[in-house]
$ cat upload_6.txt   # compact mmCIF, C-alpha atoms
# COMPACT_ATOMS: atom_id res chain seq x y z
CA MET A 11 72.65 84.05 154.51
CA TYR A 12 73.78 85.71 157.77
CA ARG A 13 76.69 88.01 156.87
CA VAL A 14 79.60 88.95 159.10
CA ALA A 15 82.34 91.46 158.18
CA ILE A 16 85.88 91.07 159.53
CA VAL A 17 87.44 94.52 160.01
CA GLY A 18 90.43 96.13 161.71
CA ARG A 19 93.71 97.90 161.16
CA PRO A 20 96.42 96.36 158.94
CA ASN A 21 98.42 93.28 159.93
CA VAL A 22 96.32 92.06 162.89
CA GLY A 23 95.46 88.69 161.28
CA LYS A 24 92.10 89.33 159.61
CA SER A 25 92.88 87.19 156.56
CA THR A 26 94.30 84.39 158.70
CA LEU A 27 91.10 84.40 160.76
CA PHE A 28 88.98 84.47 157.60
CA ASN A 29 90.83 81.51 156.06
CA ARG A 30 90.58 79.53 159.31
CA LEU A 31 86.85 80.17 159.73
CA CYS A 32 86.07 79.29 156.11
CA GLY A 33 88.33 76.25 156.13
CA ILE A 34 90.04 77.20 152.88
CA ARG A 35 92.90 79.48 151.91
CA ARG A 36 91.08 82.20 150.00
CA SER A 37 92.81 85.35 151.24
CA ILE A 38 96.53 85.81 150.78
CA VAL A 39 98.35 86.11 154.12
CA GLY A 40 101.86 87.28 154.95
CA ASP A 41 103.96 89.54 157.14
CA GLU A 42 103.60 92.47 154.74
CA PRO A 43 100.89 94.91 155.94
CA GLY A 44 98.16 95.86 153.49
CA ILE A 45 98.13 92.63 151.46
CA THR A 46 94.32 92.41 151.38
CA ARG A 47 92.69 95.28 149.50
CA ASP A 48 89.36 94.08 148.14
CA ARG A 49 86.44 92.33 149.82
CA ILE A 50 86.82 88.54 149.88
CA SER A 51 83.76 86.41 150.75
CA GLY A 52 83.52 82.85 152.05
CA THR A 53 81.16 80.67 154.05
CA ALA A 54 81.45 78.53 157.18
CA ALA A 55 79.00 75.82 158.31
CA TRP A 56 78.67 75.22 162.07
CA ARG A 57 76.04 73.14 163.86
CA GLY A 58 73.69 73.17 160.90
CA ARG A 59 73.95 76.90 160.23
CA THR A 60 75.90 78.65 157.47
CA VAL A 61 77.45 82.09 157.94
CA GLU A 62 79.01 84.22 155.20
CA PHE A 63 82.21 86.02 156.21
CA THR A 64 83.74 88.99 154.38
CA ASP A 65 87.46 89.68 154.71
CA THR A 66 88.40 93.34 154.27
CA GLY A 67 91.56 95.39 153.89
CA GLY A 68 93.34 97.09 156.77
CA MET A 69 91.74 100.43 157.66
CA LEU A 70 93.92 103.58 157.67
CA PRO A 71 91.48 106.50 158.14
CA ASP A 72 94.05 109.33 157.99
CA SER A 73 96.01 108.13 154.98
CA LYS A 74 96.01 110.51 152.00
CA GLU A 75 97.13 107.83 149.52
CA ALA A 76 94.72 106.53 146.89
CA ILE A 77 94.65 102.82 147.71
CA PRO A 78 93.98 103.16 151.49
CA GLY A 79 91.12 105.50 150.61
CA LYS A 80 89.68 102.92 148.20
CA ILE A 81 90.07 100.23 150.87
CA LEU A 82 87.99 102.32 153.28
CA GLN A 83 85.23 102.52 150.67
CA GLN A 84 85.30 98.75 150.26
CA VAL A 85 85.18 98.26 154.05
CA ALA A 86 82.20 100.63 154.28
CA ARG A 87 80.32 98.57 151.70
CA ALA A 88 81.17 95.33 153.50
CA ILE A 89 79.86 96.81 156.77
CA SER A 90 76.69 98.02 155.05
CA ASP A 91 75.98 94.50 153.73
CA SER A 92 76.66 92.77 157.07
CA ARG A 93 74.60 92.07 160.18
CA LEU A 94 77.54 91.77 162.59
CA LEU A 95 81.12 93.12 162.67
CA LEU A 96 84.18 91.35 164.04
CA LEU A 97 86.82 93.91 165.03
CA VAL A 98 90.15 92.08 164.99
CA VAL A 99 92.95 93.44 167.19
CA ASP A 100 96.48 92.29 168.04
CA GLY A 101 96.57 91.07 171.65
CA ARG A 102 100.36 91.14 171.82
CA ALA A 103 100.54 94.73 170.58
CA GLY A 104 97.83 95.85 173.03
CA VAL A 105 95.44 98.73 172.47
CA THR A 106 96.87 101.05 169.81
CA PRO A 107 95.77 104.58 168.86
CA LEU A 108 94.61 103.26 165.49
CA ASP A 109 92.38 100.66 167.18
CA GLU A 110 90.80 103.42 169.26
CA GLN A 111 90.42 105.59 166.18
CA LEU A 112 88.35 102.88 164.47
CA LEU A 113 85.85 102.60 167.35
CA PRO A 114 83.84 105.78 166.59
CA MET A 115 83.66 104.73 162.93
CA LEU A 116 82.16 101.37 163.89
CA ARG A 117 79.73 102.88 166.40
CA ARG A 118 78.41 105.30 163.76
CA THR A 119 77.35 102.34 161.61
CA SER A 120 74.84 101.25 164.30
CA LYS A 121 75.91 97.66 163.62
CA PRO A 122 76.71 95.38 166.59
CA PHE A 123 80.40 94.49 166.84
CA TRP A 124 82.47 91.94 168.73
CA VAL A 125 86.17 92.28 169.52
CA ILE A 126 88.42 89.41 168.41
CA VAL A 127 91.72 89.60 170.30
CA ASN A 128 94.06 87.68 168.02
CA LYS A 129 97.52 86.15 168.56
CA ILE A 130 96.62 84.71 171.99
CA ASP A 131 98.52 81.50 171.32
CA SER A 132 98.42 80.03 174.86
CA PRO A 133 96.32 80.28 178.07
CA ASP A 134 99.13 82.32 179.67
CA LEU A 135 98.46 85.14 177.20
CA GLU A 136 94.71 85.42 177.81
CA ALA A 137 95.24 88.27 180.27
CA LEU A 138 96.32 90.40 177.28
CA ALA A 139 92.67 90.53 176.20
CA ALA A 140 91.57 92.39 179.37
CA PRO A 141 92.26 95.97 178.13
CA PHE A 142 89.99 95.43 175.12
CA TYR A 143 86.88 95.06 177.31
CA ALA A 144 87.01 98.86 177.58
CA PHE A 145 85.89 99.07 173.94
CA GLY A 146 82.32 98.42 175.10
CA ALA A 147 81.66 95.48 172.77
CA ARG A 148 79.06 92.91 173.75
CA GLU A 149 81.55 90.04 173.31
CA VAL A 150 85.35 89.78 173.52
CA PHE A 151 87.04 86.58 172.30
CA PRO A 152 90.74 85.83 172.87
CA VAL A 153 91.78 83.62 169.94
CA SER A 154 94.73 82.45 167.91
CA ALA A 155 93.69 82.40 164.24
CA GLU A 156 96.97 80.77 163.23
CA HIS A 157 96.52 77.84 165.64
CA ALA A 158 92.67 77.77 165.62
CA ARG A 159 92.61 78.35 169.37
CA GLY A 160 89.33 79.78 170.74
CA LEU A 161 87.50 79.65 167.41
CA GLY A 162 85.01 77.05 168.66
CA ASP A 163 83.70 79.50 171.27
CA LEU A 164 83.44 82.20 168.62
CA LEU A 165 81.48 79.93 166.25
CA ASP A 166 79.18 78.80 169.09
CA ALA A 167 78.37 82.42 169.89
CA LEU A 168 77.76 83.13 166.18
CA HIS A 169 75.41 80.13 166.03
CA GLU A 170 73.36 81.53 168.92
CA ARG A 171 73.32 84.95 167.26
CA VAL A 172 72.01 83.49 164.00
CA GLU A 173 69.33 81.59 165.93
CA GLU A 174 68.23 84.82 167.63
CA GLU A 175 68.38 86.93 164.46
CA PRO A 176 67.83 84.75 161.35
CA ALA A 177 68.82 86.13 157.99
CA ASP A 178 66.23 87.14 155.43
CA ALA A 179 65.21 84.42 153.00
CA GLN A 180 66.78 84.72 149.59
CA GLU A 181 65.31 83.48 146.33
CA ALA A 182 67.41 80.77 144.75
CA PRO A 183 68.56 81.40 141.17
CA SER A 184 66.72 79.44 138.50
CA ALA A 185 69.80 78.40 136.52
CA GLY A 186 73.16 76.83 137.29
CA GLU A 187 76.13 79.02 138.16
CA ILE A 188 78.65 79.94 135.45
CA THR A 189 82.14 80.61 136.83
CA ILE A 190 84.21 83.14 134.88
CA ALA A 191 87.86 84.01 135.57
CA VAL A 192 89.08 87.38 134.29
CA VAL A 193 92.81 86.96 133.59
CA GLY A 194 95.63 88.88 131.99
CA ARG A 195 98.84 90.71 132.70
CA PRO A 196 98.92 93.68 135.12
CA ASN A 197 97.08 96.89 134.26
CA VAL A 198 95.10 95.67 131.25
CA GLY A 199 91.78 96.60 132.90
CA LYS A 200 90.59 93.37 134.54
CA SER A 201 89.11 95.05 137.63
CA SER A 202 87.58 97.82 135.53
CA LEU A 203 85.86 95.22 133.35
CA VAL A 204 84.50 93.32 136.37
CA ASN A 205 83.19 96.55 137.88
CA ARG A 206 81.55 97.48 134.57
CA LEU A 207 79.87 94.07 134.33
CA LEU A 208 78.62 94.41 137.92
CA GLY A 209 77.54 98.03 137.57
CA GLU A 210 79.43 99.08 140.72
CA GLU A 211 82.99 99.52 142.00
CA ARG A 212 83.32 96.10 143.61
CA ILE A 213 87.08 95.86 142.92
CA ILE A 214 89.63 98.58 143.67
CA VAL A 215 90.87 100.16 140.43
CA ASN A 216 94.12 102.11 140.23
CA GLU A 217 96.64 102.99 137.54
CA ILE A 218 99.38 101.34 139.64
CA PRO A 219 100.01 97.83 138.22
CA GLY A 220 99.37 95.05 140.74
CA THR A 221 96.58 96.77 142.67
CA THR A 222 94.54 93.53 142.82
CA ARG A 223 96.26 90.75 144.78
CA ASP A 224 93.58 88.29 145.86
CA ALA A 225 91.26 86.44 143.51
CA VAL A 226 87.99 88.23 144.26
CA ASP A 227 84.73 86.31 143.71
CA THR A 228 81.53 88.23 143.05
CA VAL A 229 78.14 86.74 142.20
CA LEU A 230 75.90 88.44 139.65
CA VAL A 231 72.40 87.32 138.66
CA ARG A 232 71.31 88.55 135.23
CA GLU A 233 68.17 87.39 133.45
CA SER A 234 67.82 84.48 135.89
CA VAL A 235 71.38 83.26 135.17
CA ARG A 236 73.86 83.24 138.04
CA TYR A 237 77.42 84.27 137.16
CA ARG A 238 80.43 84.06 139.47
CA LEU A 239 83.06 86.57 138.34
CA ILE A 240 86.61 85.98 139.59
CA ASP A 241 88.86 89.01 139.28
CA THR A 242 92.46 87.81 139.45
CA ALA A 243 95.79 89.48 140.05
CA GLY A 244 97.86 90.44 137.01
CA ILE A 245 100.13 87.55 136.03
CA ARG A 246 103.75 88.61 135.74
CA ARG A 247 106.84 86.73 134.69
CA LYS A 248 108.45 84.74 137.51
CA GLY A 249 111.53 86.96 137.59
CA ARG A 250 109.47 90.17 137.76
CA THR A 251 107.73 89.48 141.09
CA ASP A 252 109.58 90.83 144.11
CA LEU A 253 107.21 90.73 147.09
CA ARG A 254 106.01 87.40 148.45
CA ALA A 255 102.41 88.61 148.19
CA GLU A 256 102.86 89.19 144.45
CA LYS A 257 104.30 85.71 143.95
CA VAL A 258 101.37 84.15 145.81
CA SER A 259 98.96 86.32 143.79
CA VAL A 260 100.22 84.80 140.55
CA VAL A 261 99.76 81.28 141.95
CA VAL A 262 96.21 82.13 143.07
CA ALA A 263 95.40 83.63 139.65
CA ARG A 264 96.52 80.47 137.84
CA ARG A 265 94.58 78.33 140.32
CA SER A 266 91.46 80.42 139.63
CA MET A 267 91.55 79.41 135.97
CA LYS A 268 91.35 75.76 136.99
CA ARG A 269 88.16 76.27 138.99
CA ALA A 270 86.53 78.43 136.30
CA SER A 271 84.58 77.10 133.33
CA ILE A 272 85.25 80.19 131.18
CA ALA A 273 88.24 82.56 131.08
CA LEU A 274 88.09 86.11 129.76
CA LEU A 275 91.66 86.73 128.56
CA LEU A 276 92.16 90.48 128.56
CA LEU A 277 94.63 92.13 126.18
CA ASP A 278 95.59 95.80 126.02
CA ALA A 279 94.64 97.03 122.54
CA VAL A 280 96.88 100.10 122.94
CA GLU A 281 100.04 98.12 123.72
CA GLY A 282 99.19 95.18 121.45
CA VAL A 283 99.86 91.50 121.99
CA THR A 284 102.97 90.70 124.03
CA LYS A 285 104.94 87.54 124.86
CA LEU A 286 103.43 87.61 128.35
CA ASP A 287 99.92 87.68 126.84
CA ALA A 288 100.82 84.58 124.83
CA ALA A 289 102.16 82.86 127.96
CA ILE A 290 98.96 83.62 129.91
CA GLY A 291 96.94 82.34 126.96
CA GLY A 292 98.92 79.11 127.27
CA TYR A 293 98.00 78.86 130.96
CA ALA A 294 94.33 79.35 130.08
CA SER A 295 94.50 76.67 127.40
CA GLU A 296 96.19 74.19 129.76
CA SER A 297 93.60 74.81 132.48
CA GLY A 298 90.83 73.36 130.30
CA CYS A 299 88.46 76.32 130.58
CA SER A 300 86.77 77.88 127.57
CA VAL A 301 88.49 81.09 126.46
CA ILE A 302 87.15 84.38 125.15
CA ILE A 303 89.81 86.90 124.10
CA VAL A 304 88.82 90.45 125.09
CA LEU A 305 90.66 93.37 123.47
CA ASN A 306 90.21 96.13 126.04
CA LYS A 307 90.80 99.90 125.63
CA TRP A 308 89.50 99.76 122.05
CA ASP A 309 88.24 103.33 122.42
CA ARG A 310 91.86 104.54 122.60
CA VAL A 311 92.99 102.84 119.38
CA GLN A 312 93.32 104.80 116.15
CA ARG A 313 91.27 102.63 113.82
CA ASP A 314 90.90 102.13 110.09
CA PRO A 315 88.84 99.51 108.16
CA HIS A 316 91.64 96.94 108.59
CA THR A 317 92.63 97.55 112.24
CA LEU A 318 90.63 94.68 113.71
CA GLU A 319 91.80 92.36 110.93
CA LYS A 320 95.44 93.17 111.77
CA PHE A 321 94.89 92.63 115.50
CA THR A 322 93.14 89.33 114.83
CA ALA A 323 95.96 88.11 112.57
CA ASP A 324 98.56 89.04 115.21
CA ILE A 325 96.63 87.23 117.96
CA ARG A 326 96.18 84.11 115.84
CA ARG A 327 99.87 84.11 114.91
CA ARG A 328 101.06 84.44 118.52
CA MET A 329 98.39 82.20 120.07
CA LYS A 330 97.90 79.35 117.61
CA TYR A 331 96.74 77.10 120.48
CA LEU A 332 93.77 79.47 121.00
CA ALA A 333 92.54 79.39 117.42
CA TYR A 334 89.12 78.35 118.76
CA ALA A 335 88.80 81.42 121.03
CA PRO A 336 86.46 84.19 119.78
CA ILE A 337 87.69 87.78 119.94
CA LEU A 338 85.69 90.80 121.15
CA THR A 339 86.77 94.45 121.24
CA VAL A 340 85.50 96.40 124.26
CA SER A 341 86.14 99.42 126.43
CA ALA A 342 85.71 98.80 130.15
CA LEU A 343 86.01 102.58 130.68
CA THR A 344 83.11 103.58 128.43
CA GLY A 345 81.16 100.32 128.50
CA MET A 346 81.43 99.80 124.74
CA ARG A 347 80.22 96.28 123.80
CA VAL A 348 80.75 95.03 127.38
CA THR A 349 77.23 93.63 127.69
CA LYS A 350 77.82 91.51 124.59
CA LEU A 351 80.15 89.44 126.75
CA PHE A 352 77.15 87.90 128.52
CA GLU A 353 75.82 86.63 125.18
CA MET A 354 79.23 85.11 124.37
CA ILE A 355 79.58 83.61 127.87
CA ASN A 356 76.15 81.97 127.64
CA ARG A 357 76.98 80.57 124.21
CA ALA A 358 80.34 79.25 125.45
CA HIS A 359 78.68 77.65 128.48
CA ALA A 360 76.10 75.90 126.29
CA ALA A 361 78.81 74.59 123.93
CA ARG A 362 80.95 73.47 126.86
CA THR A 363 78.19 71.28 128.26
CA LEU A 364 77.19 69.76 124.90
CA ARG A 365 77.15 65.93 124.82
CA VAL A 366 77.26 64.18 121.43
CA PRO A 367 75.65 60.70 121.26
CA THR A 368 78.14 57.91 120.59
CA GLY A 369 76.16 56.55 117.65
CA GLU A 370 76.15 59.92 115.96
CA LEU A 371 79.91 60.29 116.43
CA ASN A 372 80.68 56.90 114.95
CA ASN A 373 78.38 57.50 111.99
CA LEU A 374 80.34 60.67 111.32
CA PHE A 375 83.87 59.32 111.75
CA VAL A 376 83.71 55.56 111.33
CA PRO A 377 81.49 54.72 108.34
CA ASP A 378 83.60 51.69 107.34
CA MET A 379 85.79 51.37 110.44
CA ALA A 380 88.31 53.60 108.65
CA VAL A 381 88.38 57.06 107.10
CA THR A 382 90.74 57.96 104.29
CA TRP A 383 91.81 61.56 104.04
CA GLN A 384 94.36 63.37 101.90
CA THR A 385 97.54 64.75 103.39
CA ARG A 386 100.69 65.91 101.78
CA PRO A 387 102.67 64.32 100.30
CA THR A 388 100.82 60.97 100.54
CA ALA A 389 97.37 59.69 101.39
CA GLN A 390 97.03 58.45 104.98
CA LYS A 391 94.46 56.16 106.56
CA LEU A 392 92.85 57.27 109.82
CA GLU A 393 92.06 53.91 111.39
CA ILE A 394 89.41 54.49 114.05
CA LYS A 395 87.48 51.57 115.47
CA TYR A 396 85.37 53.51 117.94
CA LEU A 397 84.87 57.07 119.15
CA THR A 398 82.93 58.26 122.19
CA GLN A 399 82.60 61.40 124.31
CA VAL A 400 83.46 60.56 127.91
CA SER A 401 82.92 63.96 129.52
CA SER A 402 82.10 67.59 128.95
CA SER A 403 83.52 70.75 130.52
CA PRO A 404 85.79 70.57 128.59
CA PRO A 405 84.54 68.26 125.81
CA THR A 406 86.70 65.12 126.04
CA PHE A 407 86.66 62.23 123.56
CA VAL A 408 88.25 58.77 123.64
CA VAL A 409 89.44 57.34 120.32
CA PHE A 410 89.98 53.58 120.00
CA SER A 411 92.49 53.05 117.20
CA ALA A 412 92.71 49.93 115.02
CA GLY A 413 96.49 50.19 114.87
CA SER A 414 99.14 49.43 117.46
CA LYS A 415 100.51 52.97 117.56
CA PRO A 416 99.00 56.24 118.77
CA LEU A 417 97.53 58.52 116.13
CA HIS A 418 99.86 61.10 114.64
CA PHE A 419 99.33 64.62 115.98
CA SER A 420 98.11 65.70 112.55
CA SER A 421 95.43 62.98 112.70
CA GLU A 422 94.36 64.22 116.11
CA ARG A 423 94.18 67.76 114.77
CA PHE A 424 92.08 66.50 111.86
CA LEU A 425 89.62 64.94 114.32
CA ILE A 426 89.35 68.15 116.33
CA ASN A 427 88.78 70.22 113.19
CA ARG A 428 86.03 67.85 112.02
CA LEU A 429 84.36 68.01 115.45
CA ARG A 430 84.40 71.81 115.29
CA GLU A 431 83.01 71.80 111.75
CA ARG A 432 80.13 69.61 112.85
CA TYR A 433 79.40 70.77 116.40
CA GLU A 434 81.44 74.01 116.74
CA PHE A 435 82.09 73.73 120.52
CA TYR A 436 82.20 77.53 120.68
CA ALA A 437 85.21 78.84 122.68
CA ALA A 438 85.85 75.40 124.21
CA PRO A 439 89.05 73.36 124.03
CA ILE A 440 88.61 69.79 122.79
CA ARG A 441 90.57 67.02 124.48
CA ILE A 442 91.39 63.75 122.70
CA LYS A 443 92.44 60.64 124.62
CA GLN A 444 93.69 57.65 122.68
CA LYS A 445 93.34 53.91 123.22
CA PHE A 446 95.24 51.57 120.88
CA ARG A 447 96.20 47.92 120.65
CA LEU A 448 99.52 47.04 122.24
CA PRO A 449 101.91 45.24 119.86
CA HIS A 450 102.55 41.50 120.42
CA LYS A 451 105.91 40.66 121.91

$ encode --input "upload_6.txt" --output "structure tokens"
Amino acid sequence: MYRVAIVGRPNVGKSTLFNRLCGIRRSIVGDEPGITRDRISGTAAWRGRTVEFTDTGGMLPDSKEAIPGKILQQVARAISDSRLLLLVVDGRAGVTPLDEQLLPMLRRTSKPFWVIVNKIDSPDLEALAAPFYAFGAREVFPVSAEHARGLGDLLDALHERVEEEPADAQEAPSAGEITIAVVGRPNVGKSSLVNRLLGEERIIVNEIPGTTRDAVDTVLVRESVRYRLIDTAGIRRKGRTDLRAEKVSVVVARRSMKRASIALLLLDAVEGVTKLDAAIGGYASESGCSVIIVLNKWDRVQRDPHTLEKFTADIRRRMKYLAYAPILTVSALTGMRVTKLFEMINRAHAARTLRVPTGELNNLFVPDMAVTWQTRPTAQKLEIKYLTQVSSSPPTFVVFSAGSKPLHFSSERFLINRLRERYEFYAAPIRIKQKFRLPHK
């Protein structure tokens, strides 16, 4: 795919332009400078051609702080992977010293670049784009990313560019894509784990909690299987988020779980399981994705023969709704047992897509149109007329009851336990929907 990187100084509207071009709100936008930190990728289709855009963080070449330096490294990688650069500037602010400082950096890359003069909201403001022709770019486009003004001309020019310089053909992966969301509270090592799985620093890592703000998608192909890893922002409690960008980050992180098929729920083995971990586990369970609990920083834990047993008991006690989730101890820093995650992810994906034939289900649960099972203090009859699986991902079953009342929650739990005993459904939640006869009036 033809790749285009969107670059520029902070707060000129790069993320707004990216979201508008891709037709979806992927990058978080706001008035606070420096919201975007990692590389965010998305595609746009125009006149039969598809272009991949990469949104990048604001460039501050002279900053001595850690995060701006990491952002520059991410921008450099985005430029290296791209065929064309879009330098976004603020038309209302005019040419700034920082804009001019970025020009030599772009020229040294030997990549062609166009200047996108943003915030030109009306024809009366188009004259503000004139000073930017001095940058020596082949094309200068006055646009308003917020109002989608001038973007048609930009996309037309990109279409012609792609026609002139087609992208290299890429081999399609041989298997379906598995989408994995890496979730957890701030500073538990989510970005470090994603980078370790990828084998490169794709996500900015810093000891400051809240470094990641956007949900960053990265595609990895391993042994002919295509994985989409979504690194999410740390989920905080509602009252603990001050900046608007942080509040939006939490919303985006929760939304990422809904579009993922598998969630890696990261816990900090040094700090142990917290109430916030349990709350995030609840979000993962509600989203319907399969869950693998990952105890990170295991290399820093003082261990004895019963350490893992104690951690497991604590997790099961605090997260009873995730009793089906397997637990793996890893160290994203050293790489300990990280590659085993791929084996668990593949197994979870296979279980998630399992379909059980209706006849087999009814032979298991409805031998005589009713199953008697012992409960305390009395015996109870589980009156099931019919049972069928209506969907997978997650596995969802419809139970037709012979009675006129819904099944008791304990009966539903019994069904789920029997399904797991027979078919396991590794790491997957099981949903039960009930159909019963309405009572006569």

$ atom_distance --input "upload_6.txt" --atom1 "atom CA of A:Lys415" --atom2 "atom CA of A:Ile394"
11.7 Å

$ closest_residue --input "upload_6.txt" --among "A:Leu239, A:Ile325, A:Ala55, A:Ile190" --to "A:Leu338" --atoms "only C-alpha atoms"
A:Ile325

$ closest_residue --input "upload_6.txt" --among "A:Ser403, A:His169, A:Val150, A:Arg195" --to "A:Ser271" --atoms "all atoms listed in the file"
A:Ser403

$ atom_distance --input "upload_6.txt" --atom1 "atom CA of A:Leu116" --atom2 "atom CA of A:Glu149"
14.7 Å

$ residues_around --input "upload_6.txt" --residues "A:Ser266" --least-positions-apart "3" --cutoff "10 Å" --atoms "only C-alpha atoms" --output "PyMOL selection string"
chain A and resi 189-193+225-227+240-242+260-263+269-271+273+297

$ residues_around --input "upload_6.txt" --residues "A:Asp65" --least-positions-apart "3" --cutoff "9 Å" --atoms "all atoms listed in the file" --output "list in words"
Ala15, Ile16, Val17, Lys24, Ser25, Leu27, Phe28, Asn29, Ser37, Thr46, Asp48, Arg49, Ile50, Ser51, Gly52, Val85 and Ala88 of chain A

$ residues_around --input "upload_6.txt" --residues "A:Glu434" --least-positions-apart "6" --cutoff "12 Å" --atoms "all atoms listed in the file" --output "list in words"
Tyr334, Ala335, Pro336, Arg357, Ala358, Ala360, Ala361, Arg362, Leu364, Val366, Pro405, Ile426, Asn427, Arg428 and Ile440 of chain A

$ atom_distance --input "upload_6.txt" --atom1 "atom CA of A:Val153" --atom2 "atom CA of A:Glu110"
19.8 Å

$ axis_aligned_box --input "upload_6.txt" --around "stretch 275-286 of chain A" --padding-each-side "4 Å" --output "JSON"
{"center_x": 98.3, "center_y": 93.4, "center_z": 125.0, "size_x": 21.3, "size_y": 21.4, "size_z": 15.1}

$ closest_residue --input "upload_6.txt" --among "A:Val22, A:Leu207, A:Ala103, A:Ala437" --to "A:Arg347" --atoms "all atoms listed in the file"
A:Leu207

$ closest_residue --input "upload_6.txt" --among "A:Ile442, A:Glu210, A:Ala54, A:Leu95" --to "A:Arg117" --atoms "only C-alpha atoms"
A:Leu95

$ closest_atom_pairs --input "upload_6.txt" --of "stretch 51-159 of chain A" --to "stretch 170-175 of chain A" --cutoff "10 Å" --atoms "all atoms listed in the file" --output "Markdown table"
| residue | atom | partner | partner_atom | distance |
| --- | --- | --- | --- | --- |
| A:Arg59 | CA | A:Val172 | CA | 7.8 |
| A:Thr60 | CA | A:Val172 | CA | 9.0 |
| A:Val61 | CA | A:Val172 | CA | 8.3 |
| A:Arg93 | CA | A:Glu175 | CA | 9.1 |
| A:Leu94 | CA | A:Arg171 | CA | 9.3 |

$ write_last_selection --input "upload_6.txt" --atoms "C-alpha atoms" --output "mmCIF file, keeping the file's coordinate frame"
data_model
loop_
_atom_site.group_PDB
_atom_site.id
_atom_site.type_symbol
_atom_site.label_atom_id
_atom_site.label_comp_id
_atom_site.auth_asym_id
_atom_site.auth_seq_id
_atom_site.Cartn_x
_atom_site.Cartn_y
_atom_site.Cartn_z
ATOM 1 C CA ARG A 59 73.950 76.900 160.230
ATOM 2 C CA THR A 60 75.900 78.650 157.470
ATOM 3 C CA VAL A 61 77.450 82.090 157.940
ATOM 4 C CA ARG A 93 74.600 92.070 160.180
ATOM 5 C CA LEU A 94 77.540 91.770 162.590
#

$ closest_residue --input "upload_6.txt" --among "A:Gln83, A:Ile126, A:Asp309, A:Thr26" --to "A:Ala140" --atoms "all atoms listed in the file"
A:Ile126

$ residues_around --input "upload_6.txt" --residues "A:Leu138" --least-positions-apart "4" --cutoff "10 Å" --atoms "only C-alpha atoms" --output "MDAnalysis selection string"
chainID A and resid 100:105 127:130 134 142 152

$ closest_residue --input "upload_6.txt" --among "A:Leu351, A:Val235, A:Val408, A:Leu96" --to "A:Ile302" --atoms "all atoms listed in the file"
A:Leu351

$ residues_around --input "upload_6.txt" --residues "A:Leu374" --least-positions-apart "6" --cutoff "12 Å" --atoms "all atoms listed in the file" --output "list in words"
Val366, Pro367, Thr368, Ala380, Val381, Ile394, Tyr396, Leu397, Thr398, Leu425, Arg428, Leu429, Glu431, Arg432 and Tyr433 of chain A

$ build_atoms --input "upload_6.txt" --residues "stretch 115-127 of chain A" --atoms "N, CA and C atoms" --output "short mmCIF file (atom, residue, chain, number, x, y, z; two decimals), in the coordinates of the input"
data_model
loop_
_atom_site.label_atom_id
_atom_site.label_comp_id
_atom_site.auth_asym_id
_atom_site.auth_seq_id
_atom_site.Cartn_x
_atom_site.Cartn_y
_atom_site.Cartn_z
N MET A 115 84.13 105.05 164.28
CA MET A 115 83.66 104.73 162.93
C MET A 115 82.69 103.54 162.97
N LEU A 116 83.03 102.54 163.79
CA LEU A 116 82.16 101.37 163.89
C LEU A 116 80.85 101.70 164.61
N ARG A 117 80.95 102.53 165.64
CA ARG A 117 79.73 102.88 166.40
C ARG A 117 78.75 103.66 165.53
N ARG A 118 79.28 104.50 164.62
CA ARG A 118 78.41 105.30 163.76
C ARG A 118 77.62 104.44 162.78
N THR A 119 78.08 103.21 162.53
CA THR A 119 77.35 102.34 161.61
C THR A 119 76.08 101.77 162.23
N SER A 120 75.97 101.83 163.57
CA SER A 120 74.84 101.25 164.30
C SER A 120 74.77 99.73 164.17
N LYS A 121 75.86 99.12 163.71
CA LYS A 121 75.91 97.66 163.62
C LYS A 121 76.56 97.10 164.89
N PRO A 122 76.06 95.99 165.44
CA PRO A 122 76.71 95.38 166.59
C PRO A 122 78.10 94.87 166.21
N PHE A 123 79.06 94.99 167.13
CA PHE A 123 80.40 94.49 166.84
C PHE A 123 80.95 93.73 168.04
N TRP A 124 81.74 92.70 167.72
CA TRP A 124 82.47 91.94 168.73
C TRP A 124 83.96 92.19 168.52
N VAL A 125 84.72 92.10 169.60
CA VAL A 125 86.17 92.28 169.52
C VAL A 125 86.84 90.90 169.53
N ILE A 126 87.66 90.66 168.52
CA ILE A 126 88.42 89.41 168.41
C ILE A 126 89.88 89.73 168.71
N VAL A 127 90.34 89.32 169.90
CA VAL A 127 91.72 89.60 170.30
C VAL A 127 92.58 88.46 169.77
#
